[in-house]
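For reference, upload21.txt is printed below; it contains compact mmCIF, C-alpha atoms.
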```
# COMPACT_ATOMS: atom_id res chain seq x y z
CA MET O 1 0.00 0.00 0.00
CA LEU O 2 2.78 2.41 0.96
CA LYS O 3 4.57 1.61 -2.27
CA ARG O 4 1.59 2.39 -4.44
CA THR O 5 0.83 5.57 -2.51
CA MET O 6 4.42 6.70 -3.00
CA ALA O 7 4.19 5.90 -6.70
CA LEU O 8 1.04 7.99 -7.08
CA LEU O 9 2.63 10.82 -5.12
CA LYS O 10 5.77 10.65 -7.22
CA LYS O 11 3.69 10.78 -10.38
CA ASP O 12 1.93 13.95 -9.16
CA ILE O 13 5.19 15.62 -8.18
CA LEU O 14 6.93 14.66 -11.42
CA LEU O 15 4.00 15.87 -13.47
CA GLU O 16 4.08 19.16 -11.62
CA LEU O 17 7.84 19.58 -11.98
CA ARG O 18 7.71 18.84 -15.71
CA GLN O 19 4.71 21.02 -16.54
CA MET O 20 5.05 23.60 -13.76
CA HIS O 21 1.64 24.92 -14.67
CA ILE O 22 0.13 25.01 -11.19
CA ILE O 23 3.25 26.33 -9.55
CA TYR O 24 3.82 29.19 -11.98
CA GLY O 25 0.14 30.08 -12.05
CA ILE O 26 -0.12 30.26 -8.30
CA LEU O 27 3.21 32.05 -7.87
CA LEU O 28 1.99 34.74 -10.21
CA TYR O 29 -1.31 34.83 -8.36
CA ILE O 30 0.43 35.37 -5.01
CA ALA O 31 2.82 37.95 -6.40
CA SER O 32 0.12 40.02 -8.05
CA THR O 33 -2.16 39.86 -4.99
CA VAL O 34 0.58 40.98 -2.66
CA TYR O 35 1.60 43.71 -5.09
CA VAL O 36 -1.97 45.00 -5.27
CA LEU O 37 -2.08 45.03 -1.47
CA PHE O 38 1.25 46.88 -1.40
CA LEU O 39 -0.04 49.53 -3.81
CA SER O 40 -3.44 49.93 -2.18
CA LEU O 41 -2.21 50.25 1.41
CA GLN O 42 -0.80 53.70 1.98
CA ASP O 43 1.16 52.98 5.15
CA SER O 44 2.44 49.68 6.35
CA PRO O 45 -0.52 47.86 7.94
CA SER O 46 -0.96 47.28 11.66
CA SER O 47 -0.16 43.80 12.91
CA ASN O 48 -3.85 42.87 13.08
CA THR O 49 -4.54 43.95 9.53
CA TRP O 50 -1.36 42.24 8.36
CA ASN O 51 -2.45 39.01 10.01
CA SER O 52 -5.93 39.01 8.51
CA LEU O 53 -4.64 39.98 5.06
CA PHE O 54 -2.12 37.16 5.20
CA TRP O 55 -4.74 34.55 6.02
CA VAL O 56 -7.25 35.81 3.47
CA VAL O 57 -4.54 35.58 0.80
CA GLN O 58 -3.65 32.08 2.04
CA LEU O 59 -7.28 31.01 1.80
CA PHE O 60 -7.62 32.09 -1.83
CA VAL O 61 -4.22 30.73 -2.78
CA CYS O 62 -5.27 27.40 -1.34
CA VAL O 63 -8.57 27.36 -3.24
CA ASN O 64 -6.72 28.03 -6.48
CA ALA O 65 -3.82 25.66 -5.87
CA VAL O 66 -5.81 22.70 -4.64
CA ALA O 67 -8.78 23.13 -6.96
CA LYS O 68 -6.90 21.69 -9.90
CA SER O 69 -5.86 18.52 -8.14
CA PHE O 70 -9.03 16.65 -9.03
CA LEU O 71 -10.41 18.78 -11.82
CA GLN O 72 -7.34 18.20 -13.97
CA GLU O 73 -7.75 14.43 -13.95
CA SER O 74 -9.65 13.34 -17.03
CA LYS O 75 -12.31 10.68 -16.86
CA GLY O 76 -10.17 8.12 -18.65
CA ARG O 77 -7.25 8.65 -16.33
CA MET O 78 -9.47 8.29 -13.26
CA LEU O 79 -10.65 4.98 -14.68
CA TYR O 80 -7.03 3.91 -14.98
CA PHE O 81 -6.27 4.87 -11.36
CA TYR O 82 -9.39 3.00 -10.36
CA SER O 83 -7.97 -0.18 -11.82
CA VAL O 84 -4.48 0.12 -10.33
CA ALA O 85 -4.98 1.68 -6.88
CA SER O 86 -7.38 1.65 -3.97
CA PRO O 87 -9.29 4.83 -3.07
CA LYS O 88 -7.40 5.18 0.22
CA GLU O 89 -4.04 5.15 -1.52
CA PHE O 90 -5.30 7.67 -4.02
CA ILE O 91 -6.69 10.15 -1.48
CA ILE O 92 -3.59 9.86 0.73
CA SER O 93 -1.32 10.66 -2.19
CA LYS O 94 -3.49 13.65 -3.09
CA LEU O 95 -3.56 14.89 0.52
CA VAL O 96 0.21 14.63 0.81
CA PHE O 97 0.81 16.26 -2.55
CA ASN O 98 -1.46 19.18 -1.77
CA ALA O 99 0.08 19.58 1.68
CA ILE O 100 3.54 19.82 0.09
CA LEU O 101 2.26 22.24 -2.55
CA MET O 102 0.62 24.39 0.10
CA ALA O 103 3.79 24.39 2.23
CA VAL O 104 5.75 25.77 -0.73
CA MET O 105 3.06 28.37 -1.43
CA THR O 106 2.91 29.40 2.23
CA SER O 107 6.66 30.00 2.34
CA VAL O 108 6.54 32.03 -0.86
CA SER O 109 3.67 34.23 0.27
CA LEU O 110 5.32 34.67 3.67
CA ILE O 111 8.51 35.93 2.01
CA LEU O 112 6.57 38.23 -0.30
CA PHE O 113 4.58 39.60 2.65
CA TYR O 114 7.80 40.29 4.53
CA ILE O 115 9.27 42.09 1.54
CA PHE O 116 6.30 44.17 0.46
CA LEU O 117 4.20 44.70 3.55
CA ASP O 118 6.81 45.12 6.29
CA ASN O 119 7.30 42.72 9.09
CA PRO O 120 5.22 43.22 12.22
CA VAL O 121 5.92 39.65 13.40
CA SER O 122 7.91 39.60 16.61
CA ASP O 123 8.61 35.88 16.68
CA GLY O 124 9.41 34.87 13.12
CA LEU O 125 10.01 31.20 13.74
CA LYS O 126 6.77 30.78 15.66
CA PHE O 127 4.80 32.51 12.93
CA PHE O 128 6.42 30.31 10.31
CA GLY O 129 5.33 27.24 12.26
CA ILE O 130 1.79 28.55 12.65
CA ALA O 131 1.62 29.49 8.97
CA MET O 132 2.71 25.96 8.04
CA LEU O 133 0.12 24.43 10.34
CA GLY O 134 -2.56 26.71 8.91
CA GLY O 135 -1.58 25.96 5.33
CA PHE O 136 -1.68 22.26 6.13
CA SER O 137 -5.22 22.48 7.54
CA LEU O 138 -6.41 24.53 4.56
CA SER O 139 -4.95 22.08 2.07
CA LEU O 140 -6.59 19.07 3.76
CA VAL O 141 -10.08 20.53 3.76
CA PHE O 142 -9.89 21.87 0.23
CA THR O 143 -8.54 18.61 -1.15
CA LEU O 144 -11.68 16.81 -0.06
CA MET O 145 -13.87 19.70 -1.26
CA SER O 146 -12.14 19.51 -4.62
CA ALA O 147 -12.90 15.80 -4.78
CA ILE O 148 -16.57 16.53 -4.12
CA ALA O 149 -16.73 19.43 -6.56
CA ALA O 150 -15.04 17.38 -9.27
CA LYS O 151 -18.03 15.03 -9.14
CA ALA O 152 -20.32 17.95 -9.89
CA GLN O 153 -18.25 18.73 -13.01
CA GLN O 154 -16.86 21.95 -14.41
CA ASN O 155 -17.66 23.72 -11.18
CA SER O 156 -14.55 25.26 -9.65
CA ALA O 157 -16.66 27.98 -8.01
CA LEU O 158 -18.38 25.19 -6.12
CA ILE O 159 -15.18 24.51 -4.15
CA ALA O 160 -15.33 27.94 -2.57
CA ILE O 161 -19.02 27.62 -1.78
CA LEU O 162 -18.58 24.19 -0.20
CA GLY O 163 -15.31 24.87 1.54
CA PHE O 164 -15.68 28.30 3.13
CA PRO O 165 -18.28 27.48 5.77
CA VAL O 166 -16.41 24.29 6.66
CA ILE O 167 -13.01 25.96 6.96
CA LEU O 168 -14.27 29.02 8.90
CA PRO O 169 -13.97 27.55 12.43
CA THR O 170 -10.44 26.28 11.77
CA LEU O 171 -9.50 29.60 10.21
CA LEU O 172 -10.78 31.48 13.26
CA LEU O 173 -8.68 29.23 15.49
CA ILE O 174 -5.59 29.84 13.35
CA LEU O 175 -6.15 33.60 13.26
CA ARG O 176 -6.38 33.59 17.02
CA LEU O 177 -3.33 31.34 17.31
CA SER O 178 -1.17 33.44 15.02
CA LYS O 179 -1.60 36.44 17.30
CA ALA O 180 0.80 34.59 19.59
CA ALA O 181 3.56 35.54 17.16
CA PHE O 182 2.66 39.24 17.39
CA ALA O 183 3.76 39.71 20.98
CA GLU O 184 0.21 39.30 22.25
CA VAL O 185 0.32 37.83 25.73
CA PHE O 186 -1.54 34.55 26.11
CA ARG O 187 -2.56 32.65 29.17
CA GLU O 188 0.05 30.01 30.01
CA GLY O 189 -0.44 26.91 27.87
CA ALA O 190 -3.14 28.56 25.75
CA VAL O 191 -0.95 28.59 22.63
CA LEU O 192 -0.25 24.88 22.87
CA GLN O 193 -3.90 24.22 23.56
CA LEU O 194 -4.96 26.14 20.44
CA ALA O 195 -2.33 24.43 18.30
CA GLY O 196 -3.51 21.09 19.67
CA LEU O 197 -7.10 21.94 18.71
CA VAL O 198 -6.08 22.80 15.15
CA LEU O 199 -4.14 19.53 14.94
CA LEU O 200 -7.17 17.63 16.24
CA MET O 201 -9.31 19.21 13.53
CA ASP O 202 -6.70 18.11 10.98
CA ILE O 203 -6.80 14.55 12.24
CA LEU O 204 -10.58 14.65 12.05
CA VAL O 205 -10.43 15.83 8.43
CA ILE O 206 -7.93 13.11 7.49
CA ALA O 207 -10.06 10.44 9.12
CA LEU O 208 -13.20 11.69 7.39
CA ALA O 209 -11.38 11.85 4.06
CA LEU O 210 -10.26 8.24 4.43
CA ILE O 211 -13.75 7.09 5.34
CA LEU O 212 -15.72 9.15 2.85
CA PHE O 213 -13.55 9.22 -0.26
CA PRO O 214 -14.23 5.59 -1.27
CA PHE O 215 -17.89 6.58 -1.74
CA LEU O 216 -16.94 9.44 -4.06
CA TRP O 217 -14.54 7.28 -5.94
CA LYS O 218 -16.89 4.76 -7.49
CA GLU O 219 -18.66 6.00 -10.55
CA MET Q 1 -54.71 7.19 16.82
CA ARG Q 2 -51.69 4.99 17.12
CA LYS Q 3 -49.98 6.79 14.24
CA TYR Q 4 -50.77 10.43 14.78
CA TRP Q 5 -50.76 10.79 18.56
CA TRP Q 6 -47.51 12.75 18.37
CA LYS Q 7 -49.08 15.33 16.10
CA ILE Q 8 -51.77 15.95 18.67
CA LEU Q 9 -49.08 16.02 21.34
CA SER Q 10 -47.14 18.66 19.43
CA ILE Q 11 -50.22 20.85 19.06
CA ILE Q 12 -50.96 20.52 22.77
CA LEU Q 13 -47.36 21.21 23.77
CA LEU Q 14 -47.06 24.26 21.53
CA THR Q 15 -50.39 25.67 22.67
CA TYR Q 16 -49.12 25.19 26.22
CA THR Q 17 -45.83 26.85 25.26
CA PHE Q 18 -47.56 29.91 23.89
CA LEU Q 19 -50.08 30.25 26.71
CA GLY Q 20 -47.63 29.37 29.47
CA GLY Q 21 -44.80 31.21 27.82
CA PHE Q 22 -46.64 34.48 27.73
CA LEU Q 23 -48.73 34.21 30.90
CA PHE Q 24 -46.74 32.34 33.55
CA ASP Q 25 -44.64 34.13 36.12
CA VAL Q 26 -40.95 34.50 35.19
CA PRO Q 27 -37.95 35.61 37.25
CA ARG Q 28 -37.19 39.28 36.82
CA LEU Q 29 -33.56 39.82 35.92
CA PHE Q 30 -31.58 42.98 35.26
CA ILE Q 31 -31.71 43.99 31.56
CA LEU Q 32 -33.44 40.74 30.53
CA ASN Q 33 -36.75 41.52 32.25
CA GLU Q 34 -39.64 40.01 30.30
CA THR Q 35 -37.45 39.13 27.33
CA ILE Q 36 -36.42 36.01 29.23
CA ARG Q 37 -39.56 34.47 27.76
CA ASN Q 38 -37.62 34.21 24.51
CA LEU Q 39 -36.02 31.12 26.07
CA TYR Q 40 -39.16 29.19 25.15
CA PHE Q 41 -38.93 30.17 21.49
CA HIS Q 42 -35.39 31.02 20.41
CA VAL Q 43 -33.52 28.39 22.41
CA CYS Q 44 -36.09 25.68 21.77
CA MET Q 45 -36.16 26.28 18.01
CA TRP Q 46 -32.40 25.85 18.01
CA PHE Q 47 -32.71 22.64 19.93
CA GLY Q 48 -35.19 21.48 17.31
CA MET Q 49 -32.82 22.53 14.53
CA MET Q 50 -29.92 20.59 16.05
CA ILE Q 51 -32.06 17.49 16.44
CA LEU Q 52 -33.28 17.70 12.83
CA PHE Q 53 -29.72 18.14 11.56
CA ILE Q 54 -28.66 15.10 13.55
CA VAL Q 55 -31.51 13.11 11.98
CA SER Q 56 -30.47 14.30 8.53
CA PHE Q 57 -26.90 13.23 9.29
CA ILE Q 58 -28.08 9.78 10.34
CA TYR Q 59 -30.07 9.35 7.12
CA SER Q 60 -27.00 10.36 5.10
CA LEU Q 61 -25.03 7.68 6.92
CA LYS Q 62 -27.81 5.22 6.17
CA TYR Q 63 -27.73 6.20 2.52
CA LEU Q 64 -24.03 5.45 2.22
CA ASN Q 65 -24.58 2.19 4.02
CA LYS Q 66 -27.53 1.16 1.89
CA PRO Q 67 -28.17 3.37 -1.13
CA SER Q 68 -31.87 3.91 -1.61
CA ILE Q 69 -33.50 7.08 -2.86
CA LYS Q 70 -35.77 7.08 0.18
CA ASN Q 71 -32.90 7.69 2.59
CA ASP Q 72 -31.72 10.57 0.42
CA ILE Q 73 -35.15 12.18 0.42
CA TYR Q 74 -35.33 11.84 4.20
CA ALA Q 75 -31.88 13.38 4.67
CA SER Q 76 -32.48 16.36 2.42
CA ASN Q 77 -35.91 17.17 3.82
CA PHE Q 78 -34.83 16.98 7.44
CA ALA Q 79 -31.98 19.33 6.56
CA ALA Q 80 -34.41 21.71 4.86
CA THR Q 81 -36.75 21.84 7.85
CA GLY Q 82 -33.74 22.22 10.14
CA CYS Q 83 -32.72 25.27 8.11
CA PHE Q 84 -36.24 26.65 8.44
CA LEU Q 85 -36.16 26.32 12.23
CA GLY Q 86 -32.65 27.78 12.16
CA VAL Q 87 -33.86 30.89 10.35
CA LEU Q 88 -36.74 31.25 12.80
CA GLY Q 89 -34.29 30.89 15.68
CA TYR Q 90 -32.04 33.49 14.09
CA LEU Q 91 -34.94 35.94 13.75
CA THR Q 92 -36.15 35.51 17.32
CA GLY Q 93 -32.55 35.94 18.46
CA VAL Q 94 -32.21 39.15 16.45
CA ILE Q 95 -35.37 40.63 17.92
CA TRP Q 96 -34.22 39.67 21.39
CA ALA Q 97 -30.74 41.11 20.90
CA ASN Q 98 -32.26 44.32 19.60
CA TYR Q 99 -33.94 44.98 22.94
CA THR Q 100 -31.28 43.66 25.29
CA TRP Q 101 -27.90 44.29 23.65
CA VAL Q 102 -28.57 47.22 21.33
CA THR Q 103 -30.89 49.39 23.39
CA ASP Q 104 -29.99 48.36 26.93
CA GLN Q 105 -26.28 47.68 26.69
CA GLN Q 106 -25.46 50.07 23.86
CA GLN Q 107 -23.58 47.49 21.81
CA SER Q 108 -22.71 48.31 18.24
CA LEU Q 109 -24.01 46.15 15.43
CA ALA Q 110 -20.49 45.00 14.56
CA ALA Q 111 -19.92 43.74 18.11
CA ILE Q 112 -23.15 41.77 17.93
CA LEU Q 113 -22.35 40.22 14.58
CA LYS Q 114 -19.02 39.02 15.92
CA GLU Q 115 -20.72 37.07 18.67
CA PRO Q 116 -19.28 33.54 18.61
CA LYS Q 117 -22.76 32.06 18.74
CA LEU Q 118 -23.91 34.10 15.81
CA ILE Q 119 -20.83 32.96 13.90
CA GLY Q 120 -21.73 29.35 14.70
CA ALA Q 121 -25.29 29.97 13.56
CA ALA Q 122 -24.15 31.62 10.36
CA ILE Q 123 -21.74 28.75 9.64
CA ALA Q 124 -24.49 26.19 10.16
CA LEU Q 125 -26.85 27.98 7.78
CA LEU Q 126 -24.08 28.51 5.21
CA ILE Q 127 -23.15 24.83 5.32
CA TYR Q 128 -26.68 23.71 4.64
CA GLY Q 129 -27.01 26.42 2.00
CA ALA Q 130 -23.94 24.94 0.32
CA TYR Q 131 -25.50 21.48 0.70
CA PHE Q 132 -28.53 22.56 -1.32
CA VAL Q 133 -26.37 24.34 -3.92
CA LEU Q 134 -24.43 21.10 -4.30
CA ARG Q 135 -27.62 19.12 -4.72
CA GLY Q 136 -28.77 21.55 -7.37
CA SER Q 137 -25.69 21.06 -9.49
CA PHE Q 138 -26.33 17.42 -10.41
CA SER Q 139 -28.59 16.00 -13.03
CA ASP Q 140 -27.99 12.36 -12.16
CA ASN Q 141 -30.08 11.41 -9.12
CA ASP Q 142 -27.88 8.62 -7.76
CA LYS Q 143 -24.75 10.69 -8.01
CA LYS Q 144 -26.51 13.64 -6.41
CA ALA Q 145 -27.63 11.51 -3.49
CA ARG Q 146 -24.21 9.96 -2.94
CA VAL Q 147 -22.09 13.08 -3.21
CA SER Q 148 -24.44 15.21 -1.15
CA ALA Q 149 -24.54 12.49 1.54
CA VAL Q 150 -20.75 12.62 1.66
CA TYR Q 151 -20.80 16.40 2.00
CA ASN Q 152 -23.54 16.28 4.63
CA ILE Q 153 -21.53 13.87 6.77
CA PHE Q 154 -18.29 15.79 6.36
CA ALA Q 155 -19.85 19.18 7.06
CA PHE Q 156 -21.79 17.89 10.05
CA ALA Q 157 -18.70 16.29 11.55
CA MET Q 158 -16.76 19.54 11.11
CA LEU Q 159 -19.58 21.79 12.29
CA PHE Q 160 -20.27 20.26 15.63
CA PRO Q 161 -16.82 20.32 17.19
CA SER Q 162 -16.56 23.94 16.17
CA ILE Q 163 -19.93 24.80 17.68
CA TRP Q 164 -18.82 23.14 20.89
CA ILE Q 165 -15.26 24.44 20.96
CA ILE Q 166 -15.23 28.03 19.75
CA PRO Q 167 -17.94 29.55 21.96
CA ARG Q 168 -16.18 28.16 25.01
CA MET Q 169 -12.96 29.96 24.12
CA VAL Q 170 -14.20 33.43 23.39
CA GLY Q 171 -16.02 35.79 25.68
CA SER Q 172 -19.57 36.57 24.69
CA LEU Q 173 -22.62 38.56 25.64
CA HIS Q 174 -24.86 35.59 25.11
CA PRO Q 175 -26.49 34.19 28.25
CA GLY Q 176 -24.56 31.19 29.53
CA ALA Q 177 -21.27 32.45 28.04
CA PRO Q 178 -17.90 31.81 29.71
CA GLY Q 179 -18.22 35.23 31.35
CA SER Q 180 -21.07 33.85 33.41
CA GLU Q 181 -18.97 30.90 34.59
CA SER Q 182 -20.95 28.12 33.02
CA GLY Q 183 -19.66 25.40 30.76
CA ASN Q 184 -22.45 25.13 28.26
CA PRO Q 185 -22.31 27.68 25.49
CA ALA Q 186 -26.02 28.07 24.88
CA LEU Q 187 -27.46 28.14 28.34
CA ASN Q 188 -26.63 27.26 31.88
CA TYR Q 189 -28.59 24.31 33.15
CA ASN Q 190 -27.82 25.09 36.74
CA ASP Q 191 -29.18 28.58 36.85
CA ILE Q 192 -32.39 27.96 34.96
CA ASP Q 193 -35.16 28.93 37.31
CA SER Q 194 -37.59 26.12 38.08
CA ARG Q 195 -40.43 28.32 36.85
CA LEU Q 196 -38.72 28.42 33.46
CA ARG Q 197 -38.19 24.67 33.33
CA LEU Q 198 -41.94 24.21 33.57
CA VAL Q 199 -42.38 25.52 30.04
CA PHE Q 200 -38.86 25.10 28.66
CA TYR Q 201 -38.72 21.30 28.41
CA PRO Q 202 -42.18 20.83 26.92
CA ALA Q 203 -41.38 23.61 24.46
CA ILE Q 204 -38.27 21.79 23.20
CA ILE Q 205 -40.30 18.65 22.53
CA GLY Q 206 -43.12 20.66 20.95
CA TRP Q 207 -40.88 22.54 18.50
CA THR Q 208 -39.00 19.39 17.57
CA LEU Q 209 -42.22 17.50 16.92
CA VAL Q 210 -43.58 20.26 14.74
CA GLY Q 211 -40.30 20.17 12.78
CA VAL Q 212 -40.63 16.43 12.31
CA TRP Q 213 -44.23 16.91 11.23
CA ILE Q 214 -43.31 19.48 8.56
CA SER Q 215 -40.52 17.25 7.27
CA SER Q 216 -42.74 14.18 7.17
CA LEU Q 217 -45.26 16.07 5.03
CA ARG Q 218 -42.52 17.18 2.65
CA ILE Q 219 -41.11 13.66 2.52
CA ARG Q 220 -44.49 12.12 1.71
CA LEU Q 221 -45.04 14.67 -1.04
CA GLN Q 222 -41.68 13.96 -2.58
CA LEU Q 223 -42.06 10.18 -2.33
CA LEU Q 224 -45.39 10.45 -4.15
CA ARG Q 225 -43.77 12.61 -6.81
CA GLU Q 226 -41.05 10.00 -7.26
CA LYS Q 227 -43.72 7.34 -7.65
CA ILE Q 228 -45.52 9.31 -10.36
CA LEU Q 229 -42.28 9.94 -12.20
CA ASN Q 230 -41.37 6.28 -12.10
CA ASN Q 231 -44.67 5.13 -13.53
```
The structure in this file should be written as structure tokens.
Amino acid sequence: MLKRTMALLKKDILLELRQMHIIYGILLYIASTVYVLFLSLQDSPSSNTWNSLFWVVQLFVCVNAVAKSFLQESKGRMLYFYSVASPKEFIISKLVFNAILMAVMTSVSLILFYIFLDNPVSDGLKFFGIAMLGGFSLSLVFTLMSAIAAKAQQNSALIAILGFPVILPTLLLILRLSKAAFAEVFREGAVLQLAGLVLLMDILVIALALILFPFLWKE
Amino acid sequence: MRKYWWKILSIILLTYTFLGGFLFDVPRLFILNETIRNLYFHVCMWFGMMILFIVSFIYSLKYLNKPSIKNDIYASNFAATGCFLGVLGYLTGVIWANYTWVTDQQQSLAAILKEPKLIGAAIALLIYGAYFVLRGSFSDNDKKARVSAVYNIFAFAMLFPSIWIIPRMVGSLHPGAPGSESGNPALNYNDIDSRLRLVFYPAIIGWTLVGVWISSLRIRLQLLREKILNN
């Protein structure tokens, strides 16, 4: 099982590295969004505004990056995967691939935010960790949403409609958590508790994806 | 009689709720005053909504376990009635907040809209809105039923932890919030006055039964429609 999952993952990564069409598209998307923010904000934003802008950009980057993961697979190719792999292997490889993709995108947008919109973060390493955790949670939820939306055909707008209400609670937790990196004083242990909650939500999403995806898989 | 006793029961309970709710003696509290009677309507409608959503969730599980169009019709109609009760609960909450938070406590509208409970309510309604949008985007009935059951289960499983977790972490104006030192986000069981309990519990059952009644009518209608289409 591990071998086949790795093979599927490798195929996704290789395909991406050869074509580079998601990566370049999203990189351009991030760069232009951050540049628009840079031009439209007169002064450098306060730490609260910075934080919310960062996460809103992350949310839309994730929708765009992950959306393609299922929509790009043609019907014939899905049929082929169906014959060589089990649904669990397939969804795990997709989850891992999107998590890697989102980690790359998160680092890029973090760097661009630091360059263009100043740096109000007091604890850089902590914020990096929180951003990675947040990007991971976003990628998990939107992978499954993309799988659902792909069944409804041609509907990439559907991903946003389906995903936003579901991701909202996690996003609120992450927004709250990331304030820890802006020198906001938290109750002792509260940061770990929040991070633990986000991780628990992630585990829940993974478990649900493993249970539910086999039902989406069969045609 | 054996089949429709619960419909009679719901009429009796709701009549009792309205009469008792408006006429019985209630504890007089600062700011709340007579608006405490909203407990019988707002809170109970939300209880009804939660129960209907749980039923819808169970039918979605049943559908995935044993695909039959009947389970799908049950799941979607319970969700629809749940949404209806949710909107009613939202409206009664808005009216209540208008007289307690806006006029008496001078809260701004933005502060009210950021209430964790309102966020939870909005998320719940958005999720079921998305559920119906998803259902609308299929032409194939089997596929529609299967995919929307998957979404229903996923959304429900994500919604409930967040409804339980988030309100407990953030301060709130809502009665029973962490500020008032209770654990439960919606209301505090320990400081409900016994005079309130007298109407409160029957009201929950009454509103839930009326929700089930509405859904059962919708389900019967749709099952008949299916039958006509199949013939």
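Atom CA of Tyr131 of chain Q lies 19.6 Å from atom CA of Ile214 of chain Q.
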Inset, instruction - Would you please work out which residue, of O:Phe60, O:Phe116, O:Tyr80, O:Phe215, is nearest to chain Q when using all atoms listed in the file? - result: O:Phe215
Inset, instruction - For chain Q, list the residues within 8 Å of chain O, counting all atoms listed in the file, and write the list as a PyMOL selection string. - result: chain Q and resi 64+123-124+126-127+130-131+134+137-138+146-147+150-151+154-155+158-159+162+166
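Across the model, the gap from atom CA of Ala121 of chain Q to atom CA of Trp213 of chain Q is 23.1 Å.
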Inset, instruction - Find the residues near segment 46-51 of chain Q: any atom within 9 Å, counting all atoms listed in the file, skip ones fewer than 5 places away on the same chain, and give them as a ChimeraX atom specification. - result: /Q:41,56,79,81-86,88-90,204-212
Please provide as an mmCIF file with C-alpha atoms, in the coordinates of the input all residues within 12 Å of Val84 of chain O, with the sequence filter that same-chain residues fewer than 3 positions apart are discarded (counting only C-alpha atoms).
```cif
data_model
loop_
_atom_site.group_PDB
_atom_site.id
_atom_site.type_symbol
_atom_site.label_atom_id
_atom_site.label_comp_id
_atom_site.auth_asym_id
_atom_site.auth_seq_id
_atom_site.Cartn_x
_atom_site.Cartn_y
_atom_site.Cartn_z
ATOM 1 C CA MET O 1 0.000 0.000 0.000
ATOM 2 C CA ARG O 4 1.590 2.390 -4.440
ATOM 3 C CA THR O 5 0.830 5.570 -2.510
ATOM 4 C CA ALA O 7 4.190 5.900 -6.700
ATOM 5 C CA LEU O 8 1.040 7.990 -7.080
ATOM 6 C CA ARG O 77 -7.250 8.650 -16.330
ATOM 7 C CA MET O 78 -9.470 8.290 -13.260
ATOM 8 C CA LEU O 79 -10.650 4.980 -14.680
ATOM 9 C CA TYR O 80 -7.030 3.910 -14.980
ATOM 10 C CA PHE O 81 -6.270 4.870 -11.360
ATOM 11 C CA PRO O 87 -9.290 4.830 -3.070
ATOM 12 C CA GLU O 89 -4.040 5.150 -1.520
ATOM 13 C CA PHE O 90 -5.300 7.670 -4.020
#
```
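One distance worth recording is that between atom CA of Glu115 of chain Q and atom CA of Tyr40 of chain Q, which is 21.1 Å.
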